[in-house]
Amino acid sequence: MLDTIYVTRHGFRSNWTTDNDGNYSATIVSPTGIASDPPLAAYGVKQAKELTEHALTLDPKIERIYSSPFYRCLETINPFAEKLDLQILCDNGIGEWYGIARFDHPQPAAPEILHQFFPRVQTTYNPTIIPLTRGETFTEIHNRTAYAVAKIITDIDREWKENGTGPRAIIMVAHAASCIAIGRALIGDENADIRTGTCSLSTYHPIPDTNWRGKGVTGGWEQIANGDCSFLSGGEERHWWFNGDESWDFQVVKEGINSTEGGLTAAIEDGIKEGAIGGPGTLPEAGKAEATVEEKEKVKERCNM
């Protein structure tokens, strides 16, 4: 039976930007040709190697890989897949989160294309669910990810029941938002503080549900490790969280505000208000909006705004 789920976030990536019309541009051209699908930065490649060395020591041993289909996630886990001769199952259900927009967000490359870069990508795997192309609310990203995780677990349980064999331990390679949503879905706490540093590793084990009366034994999961980064030479970096003041992938939407600048700059200048919607991602370091003028200027310089 499945008794361990490991969850990791991709390594330190190169950057991209988005204008108010949904036009994406990348600092480094993506091998897939999709601007919002950047490769890892050199530092992220180093992190991926450190993750691989650590993952090889895990017990129980990872026997199956589920990954977001974005290039940076595949580049992160591919060295490990090669070491253990494992296939990579690309599942959009644990893919990137984009906030609600007036335009369609870029979609990841098809498995057939990704297979050209990463031959271990399985082209016949059917993803559990495809995210909405115009983005998701906070509730929708959590629901989408919960559905994907439940479907993956159910399919593995069925595999064990029908064949008497299957993976005991799997790893899911995702993004900051989806790593948080995966963890919250597994432990059943929608407000859980899940650590999401780049190449961090969280571990979950099943626990029996002893409150079986009236519903049967359904089980649950407990978190054994929360975003462990002890094996990374740089420790925890680029932690990100749902806090209402993320760096957005597009112009922040606020009632009563008609800002001409997008991203975190608009959020800083106008003040983030309840109801602002968006997705993680264009700043070198995501997190809380800076509180001082000096910090604001640094953010502007980093964003080339």
# chains A, B, ... in the order shown; residues from 1 in each chain; ligands from 1
$ residues_around --residues "Ile224 (chain A)" --least-positions-apart "5" --cutoff "8 Å" --atoms "only C-alpha atoms" --output "ChimeraX atom specification"
/A:202-205
$ select_by_dssp --residues "region 131-245 of chain A" --states "alpha helix (DSSP H)" --output "PyMOL selection string"
chain A and resi 138-163+176-187
$ closest_residue --among "A:Ala109, A:Ile100, A:Leu86, A:Ile170" --to "Ile62 (chain A)" --atoms "only C-alpha atoms"
A:Ile170
$ residues_around --residues "Gln122 (chain A)" --least-positions-apart "5" --cutoff "9 Å" --atoms "only C-alpha atoms" --output "PDB file with N, CA and C atoms, in the first residue's frame"
ATOM      1  N   GLN A  87      10.120   6.532 -14.649  1.00  0.00           N
ATOM      2  CA  GLN A  87       9.388   7.393 -15.552  1.00  0.00           C
ATOM      3  C   GLN A  87       8.825   8.583 -14.782  1.00  0.00           C
ATOM      4  N   ILE A  88       8.492   9.642 -15.506  1.00  0.00           N
ATOM      5  CA  ILE A  88       7.895  10.832 -14.903  1.00  0.00           C
ATOM      6  C   ILE A  88       6.484  10.992 -15.448  1.00  0.00           C
ATOM      7  N   LEU A  89       5.505  11.030 -14.545  1.00  0.00           N
ATOM      8  CA  LEU A  89       4.108  11.203 -14.930  1.00  0.00           C
ATOM      9  C   LEU A  89       3.739  12.674 -14.762  1.00  0.00           C
ATOM     10  N   CYS A  90       3.477  13.352 -15.856  1.00  0.00           N
ATOM     11  CA  CYS A  90       3.135  14.777 -15.805  1.00  0.00           C
ATOM     12  C   CYS A  90       1.658  14.955 -15.513  1.00  0.00           C
ATOM     13  N   PRO A 111       2.981  16.567 -23.373  1.00  0.00           N
ATOM     14  CA  PRO A 111       3.937  15.515 -22.987  1.00  0.00           C
ATOM     15  C   PRO A 111       4.849  15.079 -24.127  1.00  0.00           C
ATOM     16  N   GLU A 112       4.325  15.063 -25.360  1.00  0.00           N
ATOM     17  CA  GLU A 112       5.135  14.648 -26.502  1.00  0.00           C
ATOM     18  C   GLU A 112       6.319  15.600 -26.721  1.00  0.00           C
ATOM     19  N   HIS A 115       8.773  15.188 -23.725  1.00  0.00           N
ATOM     20  CA  HIS A 115       9.505  13.934 -23.862  1.00  0.00           C
ATOM     21  C   HIS A 115      10.793  14.126 -24.673  1.00  0.00           C
TER      22      HIS A 115
END
$ residues_around --residues "Glu222 (chain A)" --least-positions-apart "2" --cutoff "12 Å" --atoms "only C-alpha atoms" --output "PDB file with all heavy atoms, in the first residue's frame"
ATOM      1  N   ASP A   3       2.353   4.297   1.489  1.00  0.00           N
ATOM      2  CA  ASP A   3       2.517   4.728   2.874  1.00  0.00           C
ATOM      3  C   ASP A   3       3.358   5.983   3.039  1.00  0.00           C
ATOM      4  O   ASP A   3       3.568   6.444   4.161  1.00  0.00           O
ATOM      5  CB  ASP A   3       3.094   3.597   3.741  1.00  0.00           C
ATOM      6  CG  ASP A   3       4.439   3.093   3.258  1.00  0.00           C
ATOM      7  OD1 ASP A   3       5.159   3.845   2.585  1.00  0.00           O
ATOM      8  OD2 ASP A   3       4.770   1.939   3.550  1.00  0.00           O
ATOM      9  N   THR A   4       3.838   6.562   1.930  1.00  0.00           N
ATOM     10  CA  THR A   4       4.605   7.810   2.040  1.00  0.00           C
ATOM     11  C   THR A   4       4.402   8.654   0.790  1.00  0.00           C
ATOM     12  O   THR A   4       4.493   8.152  -0.336  1.00  0.00           O
ATOM     13  CB  THR A   4       6.105   7.536   2.218  1.00  0.00           C
ATOM     14  OG1 THR A   4       6.316   6.692   3.351  1.00  0.00           O
ATOM     15  CG2 THR A   4       6.870   8.831   2.408  1.00  0.00           C
ATOM     16  N   ILE A   5       4.124   9.932   0.998  1.00  0.00           N
ATOM     17  CA  ILE A   5       4.074  10.897  -0.097  1.00  0.00           C
ATOM     18  C   ILE A   5       5.085  11.996   0.209  1.00  0.00           C
ATOM     19  O   ILE A   5       5.019  12.654   1.250  1.00  0.00           O
ATOM     20  CB  ILE A   5       2.669  11.514  -0.270  1.00  0.00           C
ATOM     21  CG1 ILE A   5       1.667  10.438  -0.684  1.00  0.00           C
ATOM     22  CG2 ILE A   5       2.699  12.639  -1.318  1.00  0.00           C
ATOM     23  CD1 ILE A   5       0.232  10.954  -0.810  1.00  0.00           C
ATOM     24  N   TYR A   6       6.044  12.154  -0.686  1.00  0.00           N
ATOM     25  CA  TYR A   6       6.999  13.252  -0.596  1.00  0.00           C
ATOM     26  C   TYR A   6       6.543  14.357  -1.552  1.00  0.00           C
ATOM     27  O   TYR A   6       6.054  14.081  -2.648  1.00  0.00           O
ATOM     28  CB  TYR A   6       8.399  12.795  -1.006  1.00  0.00           C
ATOM     29  CG  TYR A   6       8.967  11.660  -0.184  1.00  0.00           C
ATOM     30  CD1 TYR A   6       9.031  10.363  -0.698  1.00  0.00           C
ATOM     31  CD2 TYR A   6       9.465  11.875   1.103  1.00  0.00           C
ATOM     32  CE1 TYR A   6       9.563   9.315   0.040  1.00  0.00           C
ATOM     33  CE2 TYR A   6      10.003  10.837   1.852  1.00  0.00           C
ATOM     34  CZ  TYR A   6      10.042   9.549   1.310  1.00  0.00           C
ATOM     35  OH  TYR A   6      10.577   8.512   2.044  1.00  0.00           O
ATOM     36  N   GLY A 183      -0.294  19.836   0.614  1.00  0.00           N
ATOM     37  CA  GLY A 183      -0.141  19.565   2.039  1.00  0.00           C
ATOM     38  C   GLY A 183      -1.421  19.777   2.815  1.00  0.00           C
ATOM     39  O   GLY A 183      -1.803  18.959   3.665  1.00  0.00           O
ATOM     40  N   ARG A 184      -2.115  20.863   2.525  1.00  0.00           N
ATOM     41  CA  ARG A 184      -3.359  21.152   3.230  1.00  0.00           C
ATOM     42  C   ARG A 184      -4.424  20.099   2.929  1.00  0.00           C
ATOM     43  O   ARG A 184      -5.202  19.715   3.815  1.00  0.00           O
ATOM     44  CB  ARG A 184      -3.857  22.547   2.832  1.00  0.00           C
ATOM     45  CG  ARG A 184      -2.996  23.663   3.404  1.00  0.00           C
ATOM     46  CD  ARG A 184      -3.432  25.036   2.910  1.00  0.00           C
ATOM     47  NE  ARG A 184      -2.709  26.103   3.603  1.00  0.00           N
ATOM     48  CZ  ARG A 184      -2.871  27.398   3.364  1.00  0.00           C
ATOM     49  NH1 ARG A 184      -3.725  27.796   2.423  1.00  0.00           N
ATOM     50  NH2 ARG A 184      -2.189  28.302   4.041  1.00  0.00           N
ATOM     51  N   ALA A 185      -4.465  19.620   1.682  1.00  0.00           N
ATOM     52  CA  ALA A 185      -5.442  18.594   1.318  1.00  0.00           C
ATOM     53  C   ALA A 185      -5.141  17.276   2.031  1.00  0.00           C
ATOM     54  O   ALA A 185      -6.059  16.584   2.487  1.00  0.00           O
ATOM     55  CB  ALA A 185      -5.441  18.390  -0.193  1.00  0.00           C
ATOM     56  N   LEU A 186      -3.875  16.933   2.138  1.00  0.00           N
ATOM     57  CA  LEU A 186      -3.503  15.672   2.771  1.00  0.00           C
ATOM     58  C   LEU A 186      -3.828  15.653   4.259  1.00  0.00           C
ATOM     59  O   LEU A 186      -4.348  14.662   4.780  1.00  0.00           O
ATOM     60  CB  LEU A 186      -2.017  15.393   2.558  1.00  0.00           C
ATOM     61  CG  LEU A 186      -1.604  14.966   1.148  1.00  0.00           C
ATOM     62  CD1 LEU A 186      -0.083  14.938   1.019  1.00  0.00           C
ATOM     63  CD2 LEU A 186      -2.183  13.599   0.799  1.00  0.00           C
ATOM     64  N   ILE A 187      -3.528  16.752   4.961  1.00  0.00           N
ATOM     65  CA  ILE A 187      -3.756  16.763   6.412  1.00  0.00           C
ATOM     66  C   ILE A 187      -5.126  17.308   6.787  1.00  0.00           C
ATOM     67  O   ILE A 187      -5.509  17.276   7.960  1.00  0.00           O
ATOM     68  CB  ILE A 187      -2.652  17.546   7.147  1.00  0.00           C
ATOM     69  CG1 ILE A 187      -2.689  19.033   6.775  1.00  0.00           C
ATOM     70  CG2 ILE A 187      -1.286  16.960   6.834  1.00  0.00           C
ATOM     71  CD1 ILE A 187      -1.641  19.868   7.516  1.00  0.00           C
ATOM     72  N   GLY A 188      -5.866  17.820   5.800  1.00  0.00           N
ATOM     73  CA  GLY A 188      -7.223  18.280   6.066  1.00  0.00           C
ATOM     74  C   GLY A 188      -7.305  19.602   6.782  1.00  0.00           C
ATOM     75  O   GLY A 188      -8.296  19.903   7.437  1.00  0.00           O
ATOM     76  N   ASP A 189      -6.280  20.433   6.639  1.00  0.00           N
ATOM     77  CA  ASP A 189      -6.263  21.740   7.311  1.00  0.00           C
ATOM     78  C   ASP A 189      -6.033  22.823   6.265  1.00  0.00           C
ATOM     79  O   ASP A 189      -4.918  23.000   5.770  1.00  0.00           O
ATOM     80  CB  ASP A 189      -5.153  21.777   8.360  1.00  0.00           C
ATOM     81  CG  ASP A 189      -5.112  23.088   9.138  1.00  0.00           C
ATOM     82  OD1 ASP A 189      -5.896  24.005   8.811  1.00  0.00           O
ATOM     83  OD2 ASP A 189      -4.277  23.198  10.059  1.00  0.00           O
ATOM     84  N   ALA A 192      -3.197  25.374   7.130  1.00  0.00           N
ATOM     85  CA  ALA A 192      -1.888  24.878   7.581  1.00  0.00           C
ATOM     86  C   ALA A 192      -0.752  25.693   6.981  1.00  0.00           C
ATOM     87  O   ALA A 192      -0.805  26.111   5.829  1.00  0.00           O
ATOM     88  CB  ALA A 192      -1.742  23.410   7.213  1.00  0.00           C
ATOM     89  N   SER A 202       8.759  18.023   1.767  1.00  0.00           N
ATOM     90  CA  SER A 202       7.810  17.695   2.828  1.00  0.00           C
ATOM     91  C   SER A 202       7.452  16.211   2.729  1.00  0.00           C
ATOM     92  O   SER A 202       7.443  15.640   1.641  1.00  0.00           O
ATOM     93  CB  SER A 202       6.539  18.542   2.702  1.00  0.00           C
ATOM     94  OG  SER A 202       6.812  19.906   2.940  1.00  0.00           O
ATOM     95  N   THR A 203       7.161  15.604   3.881  1.00  0.00           N
ATOM     96  CA  THR A 203       6.870  14.179   3.931  1.00  0.00           C
ATOM     97  C   THR A 203       5.550  13.940   4.660  1.00  0.00           C
ATOM     98  O   THR A 203       5.292  14.544   5.707  1.00  0.00           O
ATOM     99  CB  THR A 203       7.990  13.417   4.662  1.00  0.00           C
ATOM    100  OG1 THR A 203       9.241  13.725   4.043  1.00  0.00           O
ATOM    101  CG2 THR A 203       7.759  11.916   4.606  1.00  0.00           C
ATOM    102  N   TYR A 204       4.733  13.046   4.094  1.00  0.00           N
ATOM    103  CA  TYR A 204       3.418  12.738   4.660  1.00  0.00           C
ATOM    104  C   TYR A 204       3.235  11.227   4.771  1.00  0.00           C
ATOM    105  O   TYR A 204       3.578  10.484   3.840  1.00  0.00           O
ATOM    106  CB  TYR A 204       2.302  13.327   3.788  1.00  0.00           C
ATOM    107  CG  TYR A 204       2.407  14.829   3.622  1.00  0.00           C
ATOM    108  CD1 TYR A 204       3.165  15.392   2.604  1.00  0.00           C
ATOM    109  CD2 TYR A 204       1.761  15.697   4.508  1.00  0.00           C
ATOM    110  CE1 TYR A 204       3.289  16.767   2.456  1.00  0.00           C
ATOM    111  CE2 TYR A 204       1.867  17.075   4.377  1.00  0.00           C
ATOM    112  CZ  TYR A 204       2.635  17.603   3.342  1.00  0.00           C
ATOM    113  OH  TYR A 204       2.752  18.967   3.210  1.00  0.00           O
ATOM    114  N   HIS A 205       2.706  10.795   5.915  1.00  0.00           N
ATOM    115  CA  HIS A 205       2.398   9.388   6.144  1.00  0.00           C
ATOM    116  C   HIS A 205       0.901   9.231   6.429  1.00  0.00           C
ATOM    117  O   HIS A 205       0.297  10.118   7.040  1.00  0.00           O
ATOM    118  CB  HIS A 205       3.182   8.849   7.346  1.00  0.00           C
ATOM    119  CG  HIS A 205       4.637   8.649   7.073  1.00  0.00           C
ATOM    120  ND1 HIS A 205       5.533   8.298   8.056  1.00  0.00           N
ATOM    121  CD2 HIS A 205       5.358   8.737   5.927  1.00  0.00           C
ATOM    122  CE1 HIS A 205       6.743   8.194   7.535  1.00  0.00           C
ATOM    123  NE2 HIS A 205       6.658   8.454   6.248  1.00  0.00           N
ATOM    124  N   PRO A 206       0.311   8.117   6.021  1.00  0.00           N
ATOM    125  CA  PRO A 206      -1.112   7.903   6.310  1.00  0.00           C
ATOM    126  C   PRO A 206      -1.323   7.574   7.781  1.00  0.00           C
ATOM    127  O   PRO A 206      -0.466   6.962   8.432  1.00  0.00           O
ATOM    128  CB  PRO A 206      -1.467   6.704   5.421  1.00  0.00           C
ATOM    129  CG  PRO A 206      -0.181   5.967   5.267  1.00  0.00           C
ATOM    130  CD  PRO A 206       0.902   7.008   5.256  1.00  0.00           C
ATOM    131  N   ILE A 207      -2.448   7.977   8.305  1.00  0.00           N
ATOM    132  CA  ILE A 207      -2.829   7.626   9.670  1.00  0.00           C
ATOM    133  C   ILE A 207      -4.239   7.058   9.637  1.00  0.00           C
ATOM    134  O   ILE A 207      -5.079   7.484   8.857  1.00  0.00           O
ATOM    135  CB  ILE A 207      -2.782   8.848  10.610  1.00  0.00           C
ATOM    136  CG1 ILE A 207      -3.635   9.995  10.059  1.00  0.00           C
ATOM    137  CG2 ILE A 207      -1.359   9.300  10.855  1.00  0.00           C
ATOM    138  CD1 ILE A 207      -3.735  11.184  10.984  1.00  0.00           C
ATOM    139  N   PRO A 208      -4.510   6.056  10.459  1.00  0.00           N
ATOM    140  CA  PRO A 208      -5.861   5.478  10.464  1.00  0.00           C
ATOM    141  C   PRO A 208      -6.852   6.422  11.110  1.00  0.00           C
ATOM    142  O   PRO A 208      -6.520   7.150  12.048  1.00  0.00           O
ATOM    143  CB  PRO A 208      -5.685   4.200  11.285  1.00  0.00           C
ATOM    144  CG  PRO A 208      -4.522   4.492  12.186  1.00  0.00           C
ATOM    145  CD  PRO A 208      -3.597   5.363  11.383  1.00  0.00           C
ATOM    146  N   ASP A 209      -8.061   6.412  10.581  1.00  0.00           N
ATOM    147  CA  ASP A 209      -9.142   7.199  11.160  1.00  0.00           C
ATOM    148  C   ASP A 209      -9.928   6.290  12.089  1.00  0.00           C
ATOM    149  O   ASP A 209     -10.680   5.421  11.646  1.00  0.00           O
ATOM    150  CB  ASP A 209     -10.042   7.748  10.047  1.00  0.00           C
ATOM    151  CG  ASP A 209     -11.156   8.637  10.586  1.00  0.00           C
ATOM    152  OD1 ASP A 209     -11.227   8.796  11.824  1.00  0.00           O
ATOM    153  OD2 ASP A 209     -11.942   9.159   9.782  1.00  0.00           O
ATOM    154  N   GLY A 219      -9.349   6.915   6.887  1.00  0.00           N
ATOM    155  CA  GLY A 219      -7.926   7.264   6.925  1.00  0.00           C
ATOM    156  C   GLY A 219      -7.670   8.748   6.798  1.00  0.00           C
ATOM    157  O   GLY A 219      -8.572   9.569   6.673  1.00  0.00           O
ATOM    158  N   GLY A 220      -6.391   9.117   6.822  1.00  0.00           N
ATOM    159  CA  GLY A 220      -5.970  10.504   6.703  1.00  0.00           C
ATOM    160  C   GLY A 220      -4.450  10.529   6.632  1.00  0.00           C
ATOM    161  O   GLY A 220      -3.805   9.484   6.595  1.00  0.00           O
ATOM    162  N   ILE A 224       5.101  14.626   8.410  1.00  0.00           N
ATOM    163  CA  ILE A 224       6.278  14.202   9.159  1.00  0.00           C
ATOM    164  C   ILE A 224       7.401  15.227   9.050  1.00  0.00           C
ATOM    165  O   ILE A 224       8.139  15.479   9.999  1.00  0.00           O
ATOM    166  CB  ILE A 224       6.772  12.830   8.662  1.00  0.00           C
ATOM    167  CG1 ILE A 224       5.640  11.802   8.709  1.00  0.00           C
ATOM    168  CG2 ILE A 224       7.965  12.361   9.477  1.00  0.00           C
ATOM    169  CD1 ILE A 224       5.024  11.611  10.087  1.00  0.00           C
ATOM    170  N   ALA A 225       7.538  15.823   7.867  1.00  0.00           N
ATOM    171  CA  ALA A 225       8.547  16.865   7.642  1.00  0.00           C
ATOM    172  C   ALA A 225       7.898  17.997   6.865  1.00  0.00           C
ATOM    173  O   ALA A 225       7.170  17.759   5.904  1.00  0.00           O
ATOM    174  CB  ALA A 225       9.743  16.314   6.877  1.00  0.00           C
ATOM    175  N   ASN A 226       8.161  19.227   7.280  1.00  0.00           N
ATOM    176  CA  ASN A 226       7.534  20.403   6.680  1.00  0.00           C
ATOM    177  C   ASN A 226       8.572  21.248   5.951  1.00  0.00           C
ATOM    178  O   ASN A 226       9.311  22.014   6.563  1.00  0.00           O
ATOM    179  CB  ASN A 226       6.846  21.239   7.754  1.00  0.00           C
ATOM    180  CG  ASN A 226       6.044  22.389   7.170  1.00  0.00           C
ATOM    181  OD1 ASN A 226       5.868  22.499   5.957  1.00  0.00           O
ATOM    182  ND2 ASN A 226       5.546  23.265   8.043  1.00  0.00           N
TER     183      ASN A 226
END
$ select_by_dssp --residues "region 86-249 of chain A" --states "strand (DSSP E)" --output "ChimeraX atom specification"
/A:88-90,169-174,201-207,220-228
$ closest_residue --among "A:His142, A:Arg9, A:Arg102, A:Lys61" --to "Ile77 (chain A)" --atoms "only C-alpha atoms"
A:Arg9
$ atom_distance --atom1 "CA of Ala176 (chain A)" --atom2 "CA of Lys83 (chain A)"
25.1 Å
$ residues_around --residues "His54 (chain A)" --least-positions-apart "2" --cutoff "12 Å" --atoms "only C-alpha atoms" --output "PyMOL selection string"
chain A and resi 8+47-52+56-59+61-62+79-80+199-201+228-233
$ closest_residue --among "A:Gln116, A:Asn191, A:Thr76, A:Ser68" --to "His175 (chain A)" --atoms "only C-alpha atoms"
A:Ser68
$ atom_distance --atom1 "CA of Glu237 (chain A)" --atom2 "CA of Ala55 (chain A)"
18.5 Å
$ closest_residue --among "A:Lys161, A:Leu2, A:Ala181, A:Gly11" --to "Glu63 (chain A)" --atoms "only C-alpha atoms"
A:Leu2
$ decode --residues "region 221-231 of chain A" --atoms "all heavy atoms" --output "PDB file, in the first residue's frame"
ATOM      1  N   TRP A 221      -3.863  11.723   6.600  1.00  0.00           N
ATOM      2  CA  TRP A 221      -2.411  11.846   6.478  1.00  0.00           C
ATOM      3  C   TRP A 221      -1.867  12.809   7.523  1.00  0.00           C
ATOM      4  O   TRP A 221      -2.547  13.766   7.912  1.00  0.00           O
ATOM      5  CB  TRP A 221      -2.046  12.333   5.081  1.00  0.00           C
ATOM      6  CG  TRP A 221      -2.403  11.347   4.007  1.00  0.00           C
ATOM      7  CD1 TRP A 221      -3.646  11.131   3.472  1.00  0.00           C
ATOM      8  CD2 TRP A 221      -1.530  10.424   3.367  1.00  0.00           C
ATOM      9  NE1 TRP A 221      -3.593  10.134   2.531  1.00  0.00           N
ATOM     10  CE2 TRP A 221      -2.304   9.687   2.437  1.00  0.00           C
ATOM     11  CE3 TRP A 221      -0.163  10.166   3.465  1.00  0.00           C
ATOM     12  CZ2 TRP A 221      -1.757   8.693   1.622  1.00  0.00           C
ATOM     13  CZ3 TRP A 221       0.388   9.181   2.652  1.00  0.00           C
ATOM     14  CH2 TRP A 221      -0.406   8.455   1.751  1.00  0.00           C
ATOM     15  N   GLU A 222      -0.660  12.548   7.977  1.00  0.00           N
ATOM     16  CA  GLU A 222       0.014  13.459   8.899  1.00  0.00           C
ATOM     17  C   GLU A 222       1.326  13.906   8.281  1.00  0.00           C
ATOM     18  O   GLU A 222       1.966  13.174   7.522  1.00  0.00           O
ATOM     19  CB  GLU A 222       0.262  12.795  10.247  1.00  0.00           C
ATOM     20  CG  GLU A 222       1.178  11.587  10.194  1.00  0.00           C
ATOM     21  CD  GLU A 222       1.423  11.005  11.563  1.00  0.00           C
ATOM     22  OE1 GLU A 222       1.270  11.756  12.559  1.00  0.00           O
ATOM     23  OE2 GLU A 222       1.781   9.814  11.662  1.00  0.00           O
ATOM     24  N   GLN A 223       1.721  15.120   8.610  1.00  0.00           N
ATOM     25  CA  GLN A 223       2.953  15.678   8.073  1.00  0.00           C
ATOM     26  C   GLN A 223       4.116  15.306   8.987  1.00  0.00           C
ATOM     27  O   GLN A 223       4.134  15.640  10.168  1.00  0.00           O
ATOM     28  CB  GLN A 223       2.844  17.188   7.938  1.00  0.00           C
ATOM     29  CG  GLN A 223       4.022  17.829   7.229  1.00  0.00           C
ATOM     30  CD  GLN A 223       3.880  19.340   7.161  1.00  0.00           C
ATOM     31  OE1 GLN A 223       3.919  20.005   8.184  1.00  0.00           O
ATOM     32  NE2 GLN A 223       3.713  19.877   5.958  1.00  0.00           N
ATOM     33  N   ILE A 224       5.101  14.626   8.410  1.00  0.00           N
ATOM     34  CA  ILE A 224       6.278  14.202   9.159  1.00  0.00           C
ATOM     35  C   ILE A 224       7.401  15.227   9.050  1.00  0.00           C
ATOM     36  O   ILE A 224       8.139  15.479   9.999  1.00  0.00           O
ATOM     37  CB  ILE A 224       6.772  12.830   8.662  1.00  0.00           C
ATOM     38  CG1 ILE A 224       5.640  11.802   8.709  1.00  0.00           C
ATOM     39  CG2 ILE A 224       7.965  12.361   9.477  1.00  0.00           C
ATOM     40  CD1 ILE A 224       5.024  11.611  10.087  1.00  0.00           C
ATOM     41  N   ALA A 225       7.538  15.823   7.867  1.00  0.00           N
ATOM     42  CA  ALA A 225       8.547  16.865   7.642  1.00  0.00           C
ATOM     43  C   ALA A 225       7.898  17.997   6.865  1.00  0.00           C
ATOM     44  O   ALA A 225       7.170  17.759   5.904  1.00  0.00           O
ATOM     45  CB  ALA A 225       9.743  16.314   6.877  1.00  0.00           C
ATOM     46  N   ASN A 226       8.161  19.227   7.280  1.00  0.00           N
ATOM     47  CA  ASN A 226       7.534  20.403   6.680  1.00  0.00           C
ATOM     48  C   ASN A 226       8.572  21.248   5.951  1.00  0.00           C
ATOM     49  O   ASN A 226       9.311  22.014   6.563  1.00  0.00           O
ATOM     50  CB  ASN A 226       6.846  21.239   7.754  1.00  0.00           C
ATOM     51  CG  ASN A 226       6.044  22.389   7.170  1.00  0.00           C
ATOM     52  OD1 ASN A 226       5.868  22.499   5.957  1.00  0.00           O
ATOM     53  ND2 ASN A 226       5.546  23.265   8.043  1.00  0.00           N
ATOM     54  N   GLY A 227       8.637  21.069   4.617  1.00  0.00           N
ATOM     55  CA  GLY A 227       9.563  21.879   3.822  1.00  0.00           C
ATOM     56  C   GLY A 227      11.002  21.777   4.259  1.00  0.00           C
ATOM     57  O   GLY A 227      11.709  22.788   4.350  1.00  0.00           O
ATOM     58  N   ASP A 228      11.469  20.565   4.520  1.00  0.00           N
ATOM     59  CA  ASP A 228      12.851  20.364   4.975  1.00  0.00           C
ATOM     60  C   ASP A 228      13.846  20.873   3.932  1.00  0.00           C
ATOM     61  O   ASP A 228      13.769  20.526   2.752  1.00  0.00           O
ATOM     62  CB  ASP A 228      13.079  18.871   5.229  1.00  0.00           C
ATOM     63  CG  ASP A 228      14.503  18.565   5.657  1.00  0.00           C
ATOM     64  OD1 ASP A 228      15.136  19.449   6.277  1.00  0.00           O
ATOM     65  OD2 ASP A 228      14.984  17.448   5.372  1.00  0.00           O
ATOM     66  N   CYS A 229      14.775  21.701   4.373  1.00  0.00           N
ATOM     67  CA  CYS A 229      15.837  22.223   3.502  1.00  0.00           C
ATOM     68  C   CYS A 229      17.220  21.984   4.106  1.00  0.00           C
ATOM     69  O   CYS A 229      18.202  22.577   3.663  1.00  0.00           O
ATOM     70  CB  CYS A 229      15.645  23.722   3.264  1.00  0.00           C
ATOM     71  SG  CYS A 229      14.186  24.149   2.292  1.00  0.00           S
ATOM     72  N   SER A 230      17.289  21.112   5.097  1.00  0.00           N
ATOM     73  CA  SER A 230      18.550  20.888   5.809  1.00  0.00           C
ATOM     74  C   SER A 230      19.639  20.312   4.912  1.00  0.00           C
ATOM     75  O   SER A 230      20.831  20.448   5.202  1.00  0.00           O
ATOM     76  CB  SER A 230      18.313  19.945   6.994  1.00  0.00           C
ATOM     77  OG  SER A 230      17.841  18.678   6.545  1.00  0.00           O
ATOM     78  N   PHE A 231      19.254  19.671   3.818  1.00  0.00           N
ATOM     79  CA  PHE A 231      20.208  19.045   2.902  1.00  0.00           C
ATOM     80  C   PHE A 231      20.698  20.004   1.820  1.00  0.00           C
ATOM     81  O   PHE A 231      21.575  19.654   1.025  1.00  0.00           O
ATOM     82  CB  PHE A 231      19.559  17.824   2.239  1.00  0.00           C
ATOM     83  CG  PHE A 231      18.258  18.137   1.554  1.00  0.00           C
ATOM     84  CD1 PHE A 231      18.230  18.525   0.222  1.00  0.00           C
ATOM     85  CD2 PHE A 231      17.063  18.070   2.254  1.00  0.00           C
ATOM     86  CE1 PHE A 231      17.036  18.829  -0.405  1.00  0.00           C
ATOM     87  CE2 PHE A 231      15.858  18.371   1.626  1.00  0.00           C
ATOM     88  CZ  PHE A 231      15.850  18.761   0.295  1.00  0.00           C
TER      89      PHE A 231
END
